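Take a look at the structure set out below.
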Amino acid sequence: MDAHIKKRMKEIGGEAILFDVPMSQYTTLRVGGNVEALYKARNLGVLKKMMTFLIDEGIPYLVTGRGSNLLVRDEGLKGIAIILDESFAVIESTSLEEPYIVVGAGMPLYELVDFCAKEGLAGVEFLAGIPGTVGGGVAMNAGSWGQEMKGVINEVTILKDRGIVEKRDSLRLNFTYRGLDLNTGQIIINARLNLEFDNPALISKKVVSNMQRRKERFPVDMPSAGSIFKNPKGDYAGRLIDAVGLKGKMIGGAMISSKHANFIVNKGDASSSDILALMDLAKVKVRDVFNIQLLPEIKVVGEA
Ligand SMILES: Cc1cc2nc3c(=O)[nH]c(=O)nc-3n(C[C@H](O)[C@H](O)[C@H](O)COP(=O)(O)OP(=O)(O)OC[C@H]3O[C@@H](n4cnc5c(N)ncnc54)[C@H](O)[C@@H]3O)c2cc1C
């Protein structure tokens, strides 16, 4: 990234632009090389300008939430990572008459879950303990305990094509298993969720119970990116990886969790290459033994 581009970025983004930032600080796996620039977008007007500039200059950008489903390669990331902050991380509207909420894409899911429990809005308890943002949750169609984001989405606002804002209702959103069809470069700005009124104490009880179940099943006390592979039809990636004897297997500072085989944890000094090597090993062994091709659920990004 040359000095002129950096100067223009600073003119548009001001203090919200940082250069040469370690992505290990912005991902829950705590690994990954540096990104050329990082932009913590604070409001829609400036984000639109930045988006237009990036598209005009052909600079690649990646919107990230809390990086809880991301593996950035050790060689780093070209272009700019965009994080939706401040005015993107708030509850935009809700009502006492109708059980709905419009929430900014940058809001952490735990804040959304807390808010809904306090306000007596039921429907997002399944998101308790998923360490992402609303934007990441929508983009990944995050889910657990048999429910997924798709089930509560009424409408999503998307920023596209150099700053055009489009509202897309659920009929025009193509959710898949852990994904949403979006064109490259489109940014989720907010989501409107349809919920139900319920007793706050009952909602909180469900949230606590879901958190407890997570603690029992998943290695939540170590850096990870959640499930590494998608579950193949009719089976579980964790069961298959366990069955080929890889639970507890270490490469460098990364380990296939001994608690849940579909989690790879960072023991402290893992590199992205360690994690990728474990992923390759799991894929090869599961393919050789079961003739099943595991597909990554996490997004692997960066220079190869
Ligand atoms: C301990 C642990 C447990 C987990 N448990 C679960 C679970 O039970 N269920 C589950 O589904 N997931 C789980 N995950 C994975 C992860 O938390 C979810 O996928 C989450 O929704 C990702 O959100 P994020 O904001 O961190 O997104 P990121 O990881 O930052 O990004 C993920 C993808 O979404 C895109 N994206 C992010 N924000 C936007 C936006 N505003 N507009 C357009 N694209 C965007 C990114 O470009 C990227 O492709 C877990 C992760 C961890 C670490």
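Residue numbering restarts at 1 for every chain of the structure tokens, chains are lettered A, B, ... in their displayed order, and ligands are numbered from 1 as they appear.
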Report task. Find the spatial neighbours of Met51 (chain A), counting only C-alpha atoms, within a cut-off of 12 Å - ignore same-chain residues fewer than 6 positions away - and output them as an MDAnalysis selection string. Result -> chainID A and resid 9 12:13 39 41 44:45 57:63 80:82 159:164 185:187
Dump C-alpha atoms for the selected residues as a PDB file, in the first residue's frame?
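Now in part06.pdb:
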ATOM      1  CA  MET A   9      -7.333   6.736   3.737  1.00  0.00           C
ATOM      2  CA  ILE A  12     -11.315   9.870   4.929  1.00  0.00           C
ATOM      3  CA  GLY A  13     -11.082   7.795   8.099  1.00  0.00           C
ATOM      4  CA  TYR A  39     -10.627   0.813   9.819  1.00  0.00           C
ATOM      5  CA  ALA A  41     -16.000   2.520  10.996  1.00  0.00           C
ATOM      6  CA  LEU A  44     -22.535   5.240   7.737  1.00  0.00           C
ATOM      7  CA  GLY A  45     -21.603   8.477   5.941  1.00  0.00           C
ATOM      8  CA  GLU A  57      -8.716   2.208  -6.108  1.00  0.00           C
ATOM      9  CA  GLY A  58      -9.167  -1.571  -6.326  1.00  0.00           C
ATOM     10  CA  ILE A  59      -8.131  -2.085  -2.696  1.00  0.00           C
ATOM     11  CA  PRO A  60      -9.487  -5.336  -1.229  1.00  0.00           C
ATOM     12  CA  TYR A  61     -11.457  -5.079   1.998  1.00  0.00           C
ATOM     13  CA  LEU A  62     -12.749  -7.582   4.500  1.00  0.00           C
ATOM     14  CA  VAL A  63     -15.469  -6.770   7.001  1.00  0.00           C
ATOM     15  CA  ILE A  80      -8.031  -3.277   4.744  1.00  0.00           C
ATOM     16  CA  ALA A  81     -10.059  -4.916   7.482  1.00  0.00           C
ATOM     17  CA  ILE A  82     -13.225  -3.019   8.400  1.00  0.00           C
ATOM     18  CA  LEU A 159     -24.415  -1.590   1.951  1.00  0.00           C
ATOM     19  CA  LYS A 160     -23.396  -2.356  -1.627  1.00  0.00           C
ATOM     20  CA  ASP A 161     -21.992  -0.894  -4.850  1.00  0.00           C
ATOM     21  CA  ARG A 162     -20.163   2.183  -3.565  1.00  0.00           C
ATOM     22  CA  GLY A 163     -22.516   3.134  -0.819  1.00  0.00           C
ATOM     23  CA  ILE A 164     -26.009   2.113  -1.939  1.00  0.00           C
ATOM     24  CA  GLY A 185     -17.834  -6.552  -0.816  1.00  0.00           C
ATOM     25  CA  GLN A 186     -21.397  -6.259   0.447  1.00  0.00           C
ATOM     26  CA  ILE A 187     -21.592  -5.129   4.061  1.00  0.00           C
TER      27      ILE A 187
END
Mind running region 57-79 of chain A against region 248-271 of chain A at 10 Å and telling me each contacting residue's nearest atom pair with the distance in Å (one decimal), counting only C-alpha atoms, chain and number ascending, as a tab-separated table?
residue	atom	partner	partner_atom	distance
A:Val72	CA	A:Ser271	CA	9.7
A:Arg73	CA	A:Ser271	CA	8.3
A:Asp74	CA	A:Ser271	CA	6.7
Requested in this report: Around ligand 1, at most 8 Å away and counting only C-alpha atoms and all ligand atoms, which residues are there? Put them as a PyMOL selection string, please.
Outcome: chain A and resi 27-29+62-70+83-84+105-106+108+127+129-145+148+158+178+182+185-190+218-220+222-227+298-299
Query raised in the report: What is the CA of Tyr236 (chain A) to CA of Gly302 (chain A) distance in Å?
Result: 27.9 Å
Report task. Considering only C-alpha atoms, return as a ChimeraX atom specification whatever protein or nucleic-acid residues lie within 8 Å of Ile203 (chain A), sequence-local ones (same chain, fewer than 2 positions apart) excluded. Result -> /A:117,120-122,125,198-201,205-207
Query raised in the report: Would you give me, as a PyMOL selection string, the residues in region 95-165 of chain A that DSSP reads as alpha helix (DSSP H)?
Result: chain A and resi 109-119+134-139
**Report entry** Backbone DSSP call of strand (DSSP E or B) for region 27-255 of chain A, listed as a PyMOL selection string
**Finding:** chain A and resi 34-41+61-64+70-72+77-84+91-94+100-104+108+121-122+133+143-144+147-148+153-160+164-169+175-176+179-180+187-194+196-197+227+229+250-251+254-255
Report task. Please provide the set of residues having any atom within 8 Å of region 33-35 of chain A, restricted to only C-alpha atoms, with same-chain residues fewer than 3 positions apart removed, written as a ChimeraX atom specification. Result -> /A:19-24,38,72-81
Query raised in the report: Near Phe229 (chain A), within 6 Å and counting only C-alpha atoms, which residues show up once chain neighbours fewer than 2 positions away are dropped, as a ChimeraX atom specification?
Result: /A:227,295-297
Keeping only C-alpha atoms, write the selected residues as a CSV table (one decimal), in the first residue's frame.
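Output contents, as saved in again.csv:
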chain,number,residue,atom,x,y,z
A,227,SER,CA,-16.3,-25.5,15.0
A,295,LEU,CA,-15.4,-28.7,4.5
A,296,PRO,CA,-14.2,-25.8,6.7
A,297,GLU,CA,-16.8,-23.8,8.6
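Using only C-alpha atoms, the contacts of region 280-291 of chain A at a cut-off of 7 Å, with sequence neighbours closer than 3 positions omitted, comprise Leu240, Ile241, Val244, Leu276, Ala277 and Leu294 of chain A.
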Output N, CA and C atoms for every residue in that selection, as a tab-separated table (two decimals), in the first residue's frame.
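part_6.tsv, written as the output of this step:
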chain	number	residue	atom	x	y	z
A	240	LEU	N	-16.34	-37.70	13.78
A	240	LEU	CA	-15.45	-38.32	12.79
A	240	LEU	C	-13.98	-38.09	13.15
A	241	ILE	N	-13.65	-36.88	13.57
A	241	ILE	CA	-12.24	-36.57	13.90
A	241	ILE	C	-11.82	-37.35	15.14
A	244	VAL	N	-11.10	-41.03	14.22
A	244	VAL	CA	-9.81	-41.35	13.56
A	244	VAL	C	-8.64	-41.09	14.52
A	276	LEU	N	-3.62	-24.77	10.26
A	276	LEU	CA	-3.92	-25.29	8.91
A	276	LEU	C	-3.39	-26.72	8.75
A	277	ALA	N	-2.23	-26.99	9.36
A	277	ALA	CA	-1.66	-28.35	9.26
A	277	ALA	C	-2.57	-29.35	9.98
A	294	LEU	N	-14.42	-33.39	4.61
A	294	LEU	CA	-14.78	-32.33	5.57
A	294	LEU	C	-14.58	-30.97	4.91
Query raised in the report: Could you state the separation of CA of Tyr110 (chain A) and CA of Ile91 (chain A) in Å, given to one decimal place?
Result: 12.7 Å
Report task. Find the residues around Arg42 (chain A) up to 6 Å (only C-alpha atoms counted), leave out those fewer than 5 positions away in its own chain, and share them as a list in words. Result -> Asp85, Glu86 and Ser87 of chain A
Using N, CA and C atoms, can you write the selected residues to a file as a PDB file, in the first residue's frame?
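Saved result, part.pdb, follows:
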ATOM      1  N   ASP A  85     -18.130  -0.199  14.244  1.00  0.00           N
ATOM      2  CA  ASP A  85     -18.025   0.240  15.631  1.00  0.00           C
ATOM      3  C   ASP A  85     -19.089   1.309  15.905  1.00  0.00           C
ATOM      4  N   GLU A  86     -19.097   1.814  17.116  1.00  0.00           N
ATOM      5  CA  GLU A  86     -19.912   2.954  17.555  1.00  0.00           C
ATOM      6  C   GLU A  86     -21.361   2.938  17.053  1.00  0.00           C
ATOM      7  N   SER A  87     -21.699   3.802  16.048  1.00  0.00           N
ATOM      8  CA  SER A  87     -23.123   3.886  15.670  1.00  0.00           C
ATOM      9  C   SER A  87     -23.630   2.590  15.022  1.00  0.00           C
TER      10      SER A  87
END
